[in-house]
file final32.cif (mmCIF, C-alpha atoms, pLDDT in the B column; chains and numbers go by the auth columns)
data_structure
loop_
_atom_site.group_PDB
_atom_site.id
_atom_site.type_symbol
_atom_site.label_atom_id
_atom_site.label_comp_id
_atom_site.label_asym_id
_atom_site.label_seq_id
_atom_site.Cartn_x
_atom_site.Cartn_y
_atom_site.Cartn_z
_atom_site.B_iso_or_equiv
_atom_site.auth_seq_id
_atom_site.auth_asym_id
ATOM 1 C CA MET A 1 0.000 0.000 0.000 39.00 3 A
ATOM 2 C CA LYS A 2 1.565 3.267 -1.126 44.00 4 A
ATOM 3 C CA TYR A 3 1.755 6.037 1.430 50.00 5 A
ATOM 4 C CA GLU A 4 0.686 9.349 -0.083 65.00 6 A
ATOM 5 C CA LYS A 5 2.784 12.145 1.363 80.00 7 A
ATOM 6 C CA LEU A 6 0.964 15.351 2.215 85.00 8 A
ATOM 7 C CA ASP A 7 2.457 18.688 1.165 91.00 9 A
ATOM 8 C CA ILE A 8 2.739 20.841 4.295 93.00 10 A
ATOM 9 C CA LYS A 9 2.518 24.088 2.308 94.00 11 A
ATOM 10 C CA LYS A 10 -0.692 22.883 0.663 94.00 12 A
ATOM 11 C CA VAL A 11 -2.104 21.923 4.070 94.00 13 A
ATOM 12 C CA GLU A 12 -1.229 25.358 5.461 96.00 14 A
ATOM 13 C CA GLU A 13 -2.928 26.994 2.471 96.00 15 A
ATOM 14 C CA ASP A 14 -6.033 24.821 2.892 95.00 16 A
ATOM 15 C CA LEU A 15 -6.178 25.672 6.590 96.00 17 A
ATOM 16 C CA GLY A 16 -5.771 29.386 5.909 96.00 18 A
ATOM 17 C CA LYS A 17 -8.515 29.315 3.299 96.00 19 A
ATOM 18 C CA LEU A 18 -10.822 27.380 5.632 95.00 20 A
ATOM 19 C CA ILE A 19 -10.291 29.973 8.363 95.00 21 A
ATOM 20 C CA ILE A 20 -11.106 32.809 5.963 96.00 22 A
ATOM 21 C CA ASP A 21 -14.061 31.131 4.243 95.00 23 A
ATOM 22 C CA LEU A 22 -15.740 30.162 7.521 94.00 24 A
ATOM 23 C CA GLY A 23 -14.851 33.394 9.291 94.00 25 A
ATOM 24 C CA LEU A 24 -12.994 31.669 12.110 93.00 26 A
ATOM 25 C CA LYS A 25 -11.787 34.678 14.066 91.00 27 A
ATOM 26 C CA GLU A 26 -10.530 32.767 17.102 91.00 28 A
ATOM 27 C CA ILE A 27 -7.782 30.838 15.312 93.00 29 A
ATOM 28 C CA THR A 28 -4.977 31.442 12.820 95.00 30 A
ATOM 29 C CA VAL A 29 -2.636 29.102 10.961 96.00 31 A
ATOM 30 C CA SER A 30 0.164 30.058 13.342 95.00 32 A
ATOM 31 C CA TRP A 31 -2.030 29.402 16.369 96.00 33 A
ATOM 32 C CA VAL A 32 -3.063 25.955 15.092 95.00 34 A
ATOM 33 C CA LYS A 33 0.594 25.074 14.466 95.00 35 A
ATOM 34 C CA ASP A 34 1.490 26.069 18.038 95.00 36 A
ATOM 35 C CA PHE A 35 -1.538 24.232 19.432 94.00 37 A
ATOM 36 C CA THR A 36 -0.575 21.082 17.533 93.00 38 A
ATOM 37 C CA TYR A 37 3.085 21.331 18.501 93.00 39 A
ATOM 38 C CA ASN A 38 2.348 21.658 22.210 92.00 40 A
ATOM 39 C CA PHE A 39 -0.518 19.150 22.366 89.00 41 A
ATOM 40 C CA SER A 40 0.562 16.397 24.726 81.00 42 A
ATOM 41 C CA ALA A 41 -2.579 14.654 25.990 71.00 43 A
ATOM 42 C CA PRO A 42 -2.722 10.824 25.940 64.00 44 A
ATOM 43 C CA ASP A 43 -3.743 9.135 22.675 63.00 45 A
ATOM 44 C CA GLN A 44 -7.236 8.390 23.928 59.00 46 A
ATOM 45 C CA LYS A 45 -7.859 12.107 24.412 70.00 47 A
ATOM 46 C CA ILE A 46 -6.884 13.173 20.886 76.00 48 A
ATOM 47 C CA THR A 47 -10.420 12.850 19.529 72.00 49 A
ATOM 48 C CA ASP A 48 -11.895 14.930 22.329 74.00 50 A
ATOM 49 C CA GLU A 49 -9.233 17.425 23.363 82.00 51 A
ATOM 50 C CA TYR A 50 -7.584 18.045 19.997 86.00 52 A
ATOM 51 C CA PHE A 51 -10.138 17.494 17.248 85.00 53 A
ATOM 52 C CA GLY A 52 -13.058 18.235 19.555 85.00 54 A
ATOM 53 C CA PHE A 53 -11.507 21.568 20.501 88.00 55 A
ATOM 54 C CA LEU A 54 -10.914 22.538 16.865 91.00 56 A
ATOM 55 C CA PHE A 55 -14.441 21.495 15.901 89.00 57 A
ATOM 56 C CA SER A 56 -15.782 23.716 18.686 90.00 58 A
ATOM 57 C CA LYS A 57 -14.370 26.715 16.807 91.00 59 A
ATOM 58 C CA LEU A 58 -16.515 26.003 13.747 91.00 60 A
ATOM 59 C CA PRO A 59 -19.800 27.845 13.119 90.00 61 A
ATOM 60 C CA LYS A 60 -22.824 26.230 14.749 87.00 62 A
ATOM 61 C CA ASN A 61 -24.741 26.262 11.459 88.00 63 A
ATOM 62 C CA ILE A 62 -21.915 24.832 9.351 87.00 64 A
ATOM 63 C CA SER A 63 -23.045 22.923 6.253 87.00 65 A
ATOM 64 C CA ASP A 64 -22.297 19.232 5.756 81.00 66 A
ATOM 65 C CA LYS A 65 -20.009 20.133 2.850 85.00 67 A
ATOM 66 C CA ASN A 66 -17.952 22.533 4.938 88.00 68 A
ATOM 67 C CA MET A 67 -17.905 20.097 7.852 86.00 69 A
ATOM 68 C CA ASP A 68 -16.431 17.418 5.590 82.00 70 A
ATOM 69 C CA ARG A 69 -13.923 19.968 4.370 87.00 71 A
ATOM 70 C CA ALA A 70 -12.970 20.966 7.922 88.00 72 A
ATOM 71 C CA VAL A 71 -12.561 17.333 8.969 85.00 73 A
ATOM 72 C CA LYS A 72 -10.144 16.714 6.097 86.00 74 A
ATOM 73 C CA VAL A 73 -8.151 19.878 6.777 91.00 75 A
ATOM 74 C CA PHE A 74 -7.874 19.251 10.530 89.00 76 A
ATOM 75 C CA ASN A 75 -6.895 15.637 9.922 85.00 77 A
ATOM 76 C CA ASP A 76 -4.181 16.724 7.471 89.00 78 A
ATOM 77 C CA VAL A 77 -3.013 19.377 9.937 92.00 79 A
ATOM 78 C CA TRP A 78 -2.598 16.753 12.650 89.00 80 A
ATOM 79 C CA ASN A 79 -0.542 14.580 10.319 87.00 81 A
ATOM 80 C CA VAL A 80 1.850 17.204 8.912 92.00 82 A
ATOM 81 C CA PHE A 81 2.420 19.733 11.695 93.00 83 A
ATOM 82 C CA SER A 82 5.325 19.071 14.050 93.00 84 A
ATOM 83 C CA GLN A 83 4.616 17.845 17.573 91.00 85 A
ATOM 84 C CA LYS A 84 6.829 18.293 20.595 90.00 86 A
ATOM 85 C CA ILE A 85 5.751 14.932 22.012 86.00 87 A
ATOM 86 C CA MET A 86 7.192 13.270 18.879 86.00 88 A
ATOM 87 C CA GLY A 87 10.541 14.940 19.255 88.00 89 A
ATOM 88 C CA GLY A 88 9.705 17.886 17.045 91.00 90 A
ATOM 89 C CA ILE A 89 8.607 15.930 13.985 91.00 91 A
ATOM 90 C CA SER A 90 5.144 15.262 12.583 89.00 92 A
ATOM 91 C CA PRO A 91 3.206 11.965 12.531 85.00 93 A
ATOM 92 C CA GLN A 92 3.758 11.919 8.771 85.00 94 A
ATOM 93 C CA GLU A 93 7.515 12.303 9.156 88.00 95 A
ATOM 94 C CA LYS A 94 7.520 9.534 11.743 85.00 96 A
ATOM 95 C CA MET A 95 5.557 7.280 9.397 81.00 97 A
ATOM 96 C CA LEU A 96 7.950 8.019 6.534 83.00 98 A
ATOM 97 C CA LEU A 97 10.910 7.144 8.750 84.00 99 A
ATOM 98 C CA VAL A 98 9.297 3.800 9.559 79.00 100 A
ATOM 99 C CA ILE A 99 8.556 3.129 5.886 75.00 101 A
ATOM 100 C CA ASP A 100 12.116 4.053 4.914 79.00 102 A
ATOM 101 C CA LYS A 101 13.510 1.746 7.591 81.00 103 A
ATOM 102 C CA GLU A 102 11.308 -1.114 6.383 73.00 104 A
ATOM 103 C CA LYS A 103 12.407 -0.574 2.778 74.00 105 A
ATOM 104 C CA LYS A 104 16.068 -0.570 3.768 78.00 106 A
ATOM 105 C CA GLN A 105 15.576 -3.774 5.731 73.00 107 A
ATOM 106 C CA GLU A 106 13.825 -5.417 2.775 67.00 108 A
ATOM 107 C CA THR A 107 16.678 -4.328 0.492 69.00 109 A
ATOM 108 C CA GLU A 108 19.232 -5.790 2.890 71.00 110 A
ATOM 109 C CA ASP A 109 17.302 -9.048 3.100 65.00 111 A
ATOM 110 C CA ILE A 110 17.164 -9.273 -0.690 61.00 112 A
ATOM 111 C CA LYS A 111 20.899 -8.608 -0.972 62.00 113 A
ATOM 112 C CA LYS A 112 21.570 -11.348 1.554 68.00 114 A
ATOM 113 C CA GLY A 113 19.296 -13.676 -0.353 65.00 115 A
ATOM 114 C CA LYS A 114 17.020 -14.070 2.642 64.00 116 A
ATOM 115 C CA LYS A 115 13.590 -15.442 1.817 66.00 117 A
ATOM 116 C CA LEU A 116 10.498 -15.621 3.946 63.00 118 A
ATOM 117 C CA THR A 117 9.207 -19.024 4.931 68.00 119 A
ATOM 118 C CA TYR A 118 5.753 -20.098 3.790 59.00 120 A
ATOM 119 C CA ASP A 119 4.292 -19.271 7.225 62.00 121 A
ATOM 120 C CA GLU A 120 6.032 -15.886 7.273 63.00 122 A
ATOM 121 C CA GLU A 121 4.591 -15.082 3.848 63.00 123 A
ATOM 122 C CA LEU A 122 1.111 -15.973 5.094 55.00 124 A
ATOM 123 C CA TRP A 123 1.485 -13.798 8.186 52.00 125 A
ATOM 124 C CA LYS A 124 2.876 -10.942 6.112 63.00 126 A
ATOM 125 C CA GLU A 125 -0.110 -11.105 3.772 60.00 127 A
ATOM 126 C CA HIS A 126 -2.493 -11.346 6.736 49.00 128 A
ATOM 127 C CA PHE A 127 -1.088 -8.252 8.437 55.00 129 A
ATOM 128 C CA GLU A 128 -0.993 -6.262 5.191 63.00 130 A
ATOM 129 C CA GLN A 129 -4.664 -7.020 4.617 57.00 131 A
ATOM 130 C CA ALA A 130 -5.472 -6.188 8.239 55.00 132 A
ATOM 131 C CA ARG A 131 -3.602 -2.891 7.957 62.00 133 A
ATOM 132 C CA LYS A 132 -5.499 -1.971 4.799 66.00 134 A
ATOM 133 C CA GLY A 133 -8.762 -2.814 6.532 71.00 135 A
ATOM 134 C CA LEU A 134 -7.806 -0.761 9.580 74.00 136 A
ATOM 135 C CA ASP A 135 -6.809 2.256 7.484 76.00 137 A
ATOM 136 C CA LYS A 136 -10.149 2.199 5.696 80.00 138 A
ATOM 137 C CA TYR A 137 -12.047 1.678 8.951 81.00 139 A
ATOM 138 C CA MET A 138 -10.247 4.502 10.784 83.00 140 A
ATOM 139 C CA ASP A 139 -10.934 6.884 7.906 84.00 141 A
ATOM 140 C CA TRP A 140 -14.613 5.986 8.100 86.00 142 A
ATOM 141 C CA ALA A 141 -14.697 6.200 11.891 87.00 143 A
ATOM 142 C CA PHE A 142 -12.942 9.508 12.437 86.00 144 A
ATOM 143 C CA LYS A 143 -13.524 11.362 9.184 87.00 145 A
ATOM 144 C CA GLU A 144 -17.183 10.471 8.802 90.00 146 A
ATOM 145 C CA VAL A 145 -18.802 8.927 11.875 91.00 147 A
ATOM 146 C CA ILE A 146 -17.420 11.162 14.636 92.00 148 A
ATOM 147 C CA PRO A 147 -18.165 14.454 12.812 92.00 149 A
ATOM 148 C CA LYS A 148 -21.707 13.246 12.077 91.00 150 A
ATOM 149 C CA PHE A 149 -22.177 12.143 15.676 92.00 151 A
ATOM 150 C CA ASP A 150 -20.889 15.530 16.802 90.00 152 A
ATOM 151 C CA LYS A 151 -23.606 17.239 14.751 89.00 153 A
ATOM 152 C CA TYR A 152 -26.185 14.702 15.977 90.00 154 A
ATOM 153 C CA VAL A 153 -25.336 15.562 19.584 90.00 155 A
ATOM 154 C CA GLU A 154 -25.306 19.282 18.799 87.00 156 A
ATOM 155 C CA ASN A 155 -28.613 19.262 16.935 86.00 157 A
ATOM 156 C CA GLY A 156 -30.241 17.110 19.586 85.00 158 A
ATOM 157 C CA LYS A 157 -28.976 19.480 22.268 85.00 159 A
ATOM 158 C CA LEU A 158 -27.770 16.487 24.238 86.00 160 A
ATOM 159 C CA LYS A 159 -26.015 17.189 27.502 84.00 161 A
ATOM 160 C CA GLU A 160 -22.396 16.292 28.273 84.00 162 A
ATOM 161 C CA LYS A 161 -21.318 16.540 24.635 84.00 163 A
ATOM 162 C CA THR A 162 -17.613 16.255 25.419 83.00 164 A
ATOM 163 C CA GLU A 163 -18.075 12.977 27.276 84.00 165 A
ATOM 164 C CA LEU A 164 -20.380 11.567 24.581 89.00 166 A
ATOM 165 C CA ILE A 165 -17.881 12.295 21.798 89.00 167 A
ATOM 166 C CA GLY A 166 -14.961 11.016 23.865 86.00 168 A
ATOM 167 C CA VAL A 167 -16.656 7.707 24.677 89.00 169 A
ATOM 168 C CA ALA A 168 -17.757 7.235 21.060 91.00 170 A
ATOM 169 C CA GLY A 169 -14.232 7.915 19.806 88.00 171 A
ATOM 170 C CA LEU A 170 -12.624 5.430 22.156 87.00 172 A
ATOM 171 C CA PHE A 171 -15.254 2.792 21.366 90.00 173 A
ATOM 172 C CA LEU A 172 -14.539 3.159 17.641 90.00 174 A
ATOM 173 C CA GLU A 173 -10.802 3.000 18.278 85.00 175 A
ATOM 174 C CA MET A 174 -11.086 -0.152 20.399 85.00 176 A
ATOM 175 C CA CYS A 175 -13.227 -1.828 17.744 84.00 177 A
ATOM 176 C CA GLY A 176 -10.570 -1.018 15.151 80.00 178 A
ATOM 177 C CA GLN A 177 -7.738 -2.312 17.306 75.00 179 A
ATOM 178 C CA ALA A 178 -9.663 -5.550 17.794 74.00 180 A
ATOM 179 C CA GLY A 179 -10.220 -5.878 14.038 74.00 181 A
ATOM 180 C CA MET A 180 -13.982 -5.578 14.460 77.00 182 A
ATOM 181 C CA PHE A 181 -14.778 -3.544 11.369 78.00 183 A
ATOM 182 C CA ASP A 182 -18.269 -4.976 10.807 80.00 184 A
ATOM 183 C CA PHE A 183 -20.521 -3.551 13.510 80.00 185 A
ATOM 184 C CA ASN A 184 -23.388 -5.824 12.538 77.00 186 A
ATOM 185 C CA ARG A 185 -21.288 -8.694 13.871 77.00 187 A
ATOM 186 C CA LEU A 186 -20.029 -7.122 17.088 78.00 188 A
ATOM 187 C CA PRO A 187 -20.124 -9.695 19.909 79.00 189 A
ATOM 188 C CA PRO A 188 -22.469 -8.566 22.717 80.00 190 A
ATOM 189 C CA MET A 189 -19.706 -9.471 25.176 82.00 191 A
ATOM 190 C CA PHE A 190 -17.368 -6.908 23.583 82.00 192 A
ATOM 191 C CA ILE A 191 -19.999 -4.215 24.068 87.00 193 A
ATOM 192 C CA SER A 192 -20.778 -5.301 27.622 85.00 194 A
ATOM 193 C CA ASP A 193 -17.072 -5.286 28.530 86.00 195 A
ATOM 194 C CA PHE A 194 -16.524 -1.788 27.139 87.00 196 A
ATOM 195 C CA PRO A 195 -17.059 0.096 30.445 86.00 197 A
ATOM 196 C CA GLU A 196 -14.371 -2.016 32.110 85.00 198 A
ATOM 197 C CA MET A 197 -11.992 -1.597 29.149 83.00 199 A
ATOM 198 C CA PHE A 198 -12.660 2.144 29.189 81.00 200 A
ATOM 199 C CA GLU A 199 -11.755 2.432 32.865 77.00 201 A
ATOM 200 C CA LYS A 200 -8.495 0.537 32.314 74.00 202 A
ATOM 201 C CA THR A 201 -7.548 2.639 29.298 69.00 203 A
ATOM 202 C CA VAL A 202 -8.494 6.202 30.161 65.00 204 A
ATOM 203 C CA ILE A 203 -6.288 8.279 32.408 55.00 205 A
ATOM 204 C CA GLY A 204 -8.065 11.139 34.121 54.00 206 A
ATOM 205 C CA PRO A 205 -11.352 11.878 35.875 58.00 207 A
ATOM 206 C CA ARG A 206 -13.481 8.799 36.377 68.00 208 A
ATOM 207 C CA ILE A 207 -16.849 8.359 34.693 77.00 209 A
ATOM 208 C CA SER A 208 -19.341 6.144 36.475 82.00 210 A
ATOM 209 C CA LYS A 209 -20.270 2.857 34.836 85.00 211 A
ATOM 210 C CA ASP A 210 -23.904 3.937 34.551 87.00 212 A
ATOM 211 C CA LYS A 211 -22.918 7.077 32.666 88.00 213 A
ATOM 212 C CA LEU A 212 -20.541 5.160 30.401 88.00 214 A
ATOM 213 C CA ILE A 213 -23.341 2.773 29.506 90.00 215 A
ATOM 214 C CA SER A 214 -25.688 5.695 28.894 90.00 216 A
ATOM 215 C CA TYR A 215 -23.163 7.430 26.600 91.00 217 A
ATOM 216 C CA LEU A 216 -22.500 4.217 24.690 92.00 218 A
ATOM 217 C CA LYS A 217 -26.208 3.511 24.266 90.00 219 A
ATOM 218 C CA THR A 218 -26.641 6.994 22.806 92.00 220 A
ATOM 219 C CA PHE A 219 -23.855 6.347 20.311 92.00 221 A
ATOM 220 C CA LEU A 220 -25.154 2.902 19.367 91.00 222 A
ATOM 221 C CA SER A 221 -28.620 4.379 18.846 90.00 223 A
ATOM 222 C CA PHE A 222 -27.038 6.948 16.532 91.00 224 A
ATOM 223 C CA LEU A 223 -25.391 4.130 14.541 91.00 225 A
ATOM 224 C CA GLU A 224 -28.736 2.351 14.261 87.00 226 A
ATOM 225 C CA ILE A 225 -30.482 5.478 12.989 88.00 227 A
ATOM 226 C CA PHE A 226 -27.868 6.735 10.531 88.00 228 A
ATOM 227 C CA TYR A 227 -26.143 3.549 9.414 85.00 229 A
ATOM 228 C CA GLY A 228 -28.800 0.882 9.826 84.00 230 A
ATOM 229 C CA ILE A 229 -26.548 -1.100 12.151 81.00 231 A
ATOM 230 C CA SER A 230 -28.638 -3.333 14.358 77.00 232 A
ATOM 231 C CA PHE A 231 -28.004 -3.895 18.054 74.00 233 A
ATOM 232 C CA PRO A 232 -31.139 -5.922 18.903 62.00 234 A
ATOM 233 C CA LYS A 233 -29.973 -7.008 22.354 60.00 235 A
ATOM 234 C CA ILE A 234 -28.486 -3.693 23.444 60.00 236 A
ATOM 235 C CA ASN A 235 -31.007 -3.103 26.229 58.00 237 A
ATOM 236 C CA LYS A 236 -30.427 -6.579 27.669 64.00 238 A
ATOM 237 C CA ILE A 237 -26.625 -6.511 27.651 65.00 239 A
ATOM 238 C CA TRP A 238 -26.240 -4.802 31.018 63.00 240 A
ATOM 239 C CA GLU A 239 -29.286 -6.289 32.763 60.00 241 A
#

call {"tool": "encode", "arguments": {"input": "final32.cif", "output": "structure tokens"}}
result
Amino acid sequence: MKYEKLDIKKVEEDLGKLIIDLGLKEITVSWVKDFTYNFSAPDQKITDEYFGFLFSKLPKNISDKNMDRAVKVFNDVWNVFSQKIMGGISPQEKMLLVIDKEKKQETEDIKKGKKLTYDEELWKEHFEQARKGLDKYMDWAFKEVIPKFDKYVENGKLKEKTELIGVAGLFLEMCGQAGMFDFNRLPPMFISDFPEMFEKTVIGPRISKDKLISYLKTFLSFLEIFYGISFPKINKIWE
């Protein structure tokens, strides 16, 4: 799978144009670069405290088209702007370093005449397919689902928006890490165990189990309404 490198100047231009077109007076390109560079919250807080914060700067009546545009721009910004927590490089630069290292290793192996065993070839193919599936799933989850859920929460004037979005984001991430890309086939046990997994994963203020279940039910209901994903036993899972 070829990694498509983003042009940082193009991303900066897209961000600047987005700020102007949407009349975002609270942020500038320079401010977003500084915000990204100094962002140091744990991975599980990225959806809420980084993207959630940027989304909060968007107009309340933003169109779906401009929301999709903002999601793409903010996602590109995260990938190309330098981050202190990464040693002053960007996630893209880190990825390119990994890819370069892998290519060099493959070249060395070829020069040495090293060949993969049959089992190694099978595992390599398996992980490549899994990675492709995960990339596609994560794009869907965080470029489409979360922004739509954000608007769903906003339009429904639901309380505790930050917590709702945070729980939804972590649930999607855990599903991806477990390779559960088809929500119609999610094991009820995985859903029922989510509150416990959440508590073990998240660092910070505690959320009661009852609230976690309530937030998750709200998100699953959203998935049923907008994506036709069925969770027929959802109300019986925590009985």

call {"tool": "resolve_selection", "arguments": {"input": "final32.cif", "expression": "the PyMOL selection byres ((chain A and resi 51) around 12)", "output": "compact mmCIF listing (two decimals) with C-alpha atoms, keeping the file's coordinate frame"}}
result
# COMPACT_ATOMS: atom_id res chain seq x y z
CA PHE A 37 -1.54 24.23 19.43
CA THR A 38 -0.57 21.08 17.53
CA PHE A 41 -0.52 19.15 22.37
CA SER A 42 0.56 16.40 24.73
CA ALA A 43 -2.58 14.65 25.99
CA PRO A 44 -2.72 10.82 25.94
CA ASP A 45 -3.74 9.14 22.68
CA GLN A 46 -7.24 8.39 23.93
CA LYS A 47 -7.86 12.11 24.41
CA ILE A 48 -6.88 13.17 20.89
CA THR A 49 -10.42 12.85 19.53
CA ASP A 50 -11.90 14.93 22.33
CA TYR A 52 -7.58 18.05 20.00
CA PHE A 53 -10.14 17.49 17.25
CA GLY A 54 -13.06 18.24 19.56
CA PHE A 55 -11.51 21.57 20.50
CA LEU A 56 -10.91 22.54 16.86
CA PHE A 57 -14.44 21.50 15.90
CA SER A 58 -15.78 23.72 18.69
CA THR A 164 -17.61 16.26 25.42
CA GLU A 165 -18.08 12.98 27.28
CA ILE A 167 -17.88 12.30 21.80
CA GLY A 168 -14.96 11.02 23.86
CA GLY A 171 -14.23 7.92 19.81

call {"tool": "residues_around", "arguments": {"input": "final32.cif", "residues": "Phe224 in chain A", "least_positions_apart": "6", "cutoff": "12 Å", "atoms": "only C-alpha atoms", "output": "list in words"}}
result
Val147, Ile148, Lys150, Phe151, Asp152, Lys153, Tyr154, Val155, Gly158, Leu166, Ile167, Ala170, Tyr217, Leu218, Gly230, Ile231, Ser232 and Phe233 of chain A

call {"tool": "write_last_selection", "arguments": {"input": "final32.cif", "atoms": "C-alpha atoms", "output": "PDB file, in the coordinates of the input"}}
result
ATOM      1  CA  VAL A 147     -18.802   8.927  11.875  1.00 91.00           C
ATOM      2  CA  ILE A 148     -17.420  11.162  14.636  1.00 92.00           C
ATOM      3  CA  LYS A 150     -21.707  13.246  12.077  1.00 91.00           C
ATOM      4  CA  PHE A 151     -22.177  12.143  15.676  1.00 92.00           C
ATOM      5  CA  ASP A 152     -20.889  15.530  16.802  1.00 90.00           C
ATOM      6  CA  LYS A 153     -23.606  17.239  14.751  1.00 89.00           C
ATOM      7  CA  TYR A 154     -26.185  14.702  15.977  1.00 90.00           C
ATOM      8  CA  VAL A 155     -25.336  15.562  19.584  1.00 90.00           C
ATOM      9  CA  GLY A 158     -30.241  17.110  19.586  1.00 85.00           C
ATOM     10  CA  LEU A 166     -20.380  11.567  24.581  1.00 89.00           C
ATOM     11  CA  ILE A 167     -17.881  12.295  21.798  1.00 89.00           C
ATOM     12  CA  ALA A 170     -17.757   7.235  21.060  1.00 91.00           C
ATOM     13  CA  TYR A 217     -23.163   7.430  26.600  1.00 91.00           C
ATOM     14  CA  LEU A 218     -22.500   4.217  24.690  1.00 92.00           C
ATOM     15  CA  GLY A 230     -28.800   0.882   9.826  1.00 84.00           C
ATOM     16  CA  ILE A 231     -26.548  -1.100  12.151  1.00 81.00           C
ATOM     17  CA  SER A 232     -28.638  -3.333  14.358  1.00 77.00           C
ATOM     18  CA  PHE A 233     -28.004  -3.895  18.054  1.00 74.00           C
TER      19      PHE A 233
END

call {"tool": "closest_residue", "arguments": {"input": "final32.cif", "among": "A:Glu201, A:Asp16, A:Glu175, A:Asp78", "to": "Asp137 in chain A", "atoms": "all atoms listed in the file"}}
result
A:Glu175

call {"tool": "resolve_selection", "arguments": {"input": "final32.cif", "expression": "the PyMOL selection byres ((chain A and resi 86) around 9)", "output": "list in words"}}
result
Thr38, Tyr39, Asn40, Phe41, Ser42, Ser84, Gln85, Ile87, Met88, Gly89, Gly90, Ile91 and Ser92 of chain A

call {"tool": "resolve_selection", "arguments": {"input": "final32.cif", "expression": "the PyMOL selection byres ((chain A and resi 18-24) around 9)", "output": "list of chain:residue names"}}
result
A:Val13, A:Glu14, A:Glu15, A:Asp16, A:Leu17, A:Gly25, A:Leu26, A:Lys27, A:Ile29, A:Thr30, A:Val31, A:Leu60, A:Pro61, A:Ile64, A:Asn68, A:Arg71, A:Ala72, A:Val75

call {"tool": "atom_distance", "arguments": {"input": "final32.cif", "atom1": "CA of Phe221 in chain A", "atom2": "CA of Asn63 in chain A"}}
result
21.8 Å

call {"tool": "atom_distance", "arguments": {"input": "final32.cif", "atom1": "CA of Asn186 in chain A", "atom2": "CA of Glu198 in chain A"}}
result
21.9 Å

call {"tool": "closest_residue", "arguments": {"input": "final32.cif", "among": "A:Ile10, A:Met191, A:Leu214, A:Val34", "to": "Val82 in chain A", "atoms": "only C-alpha atoms"}}
result
A:Ile10

call {"tool": "closest_residue", "arguments": {"input": "final32.cif", "among": "A:Gly135, A:Pro189, A:Pro197, A:Pro149", "to": "Leu172 in chain A", "atoms": "only C-alpha atoms"}}
result
A:Pro197

call {"tool": "closest_residue", "arguments": {"input": "final32.cif", "among": "A:Ile209, A:Asp184, A:Glu110, A:Phe83", "to": "Lys12 in chain A", "atoms": "only C-alpha atoms"}}
result
A:Phe83

call {"tool": "closest_residue", "arguments": {"input": "final32.cif", "among": "A:Gln94, A:Gln107, A:Ser210, A:Gln179", "to": "Val79 in chain A", "atoms": "all atoms listed in the file"}}
result
A:Gln94

call {"tool": "atom_distance", "arguments": {"input": "final32.cif", "atom1": "CA of Asn81 in chain A", "atom2": "CA of Met140 in chain A"}}
result
14.0 Å

call {"tool": "closest_residue", "arguments": {"input": "final32.cif", "among": "A:Lys7, A:Lys211, A:Lys202, A:Lys159", "to": "Ile101 in chain A", "atoms": "all atoms listed in the file"}}
result
A:Lys7
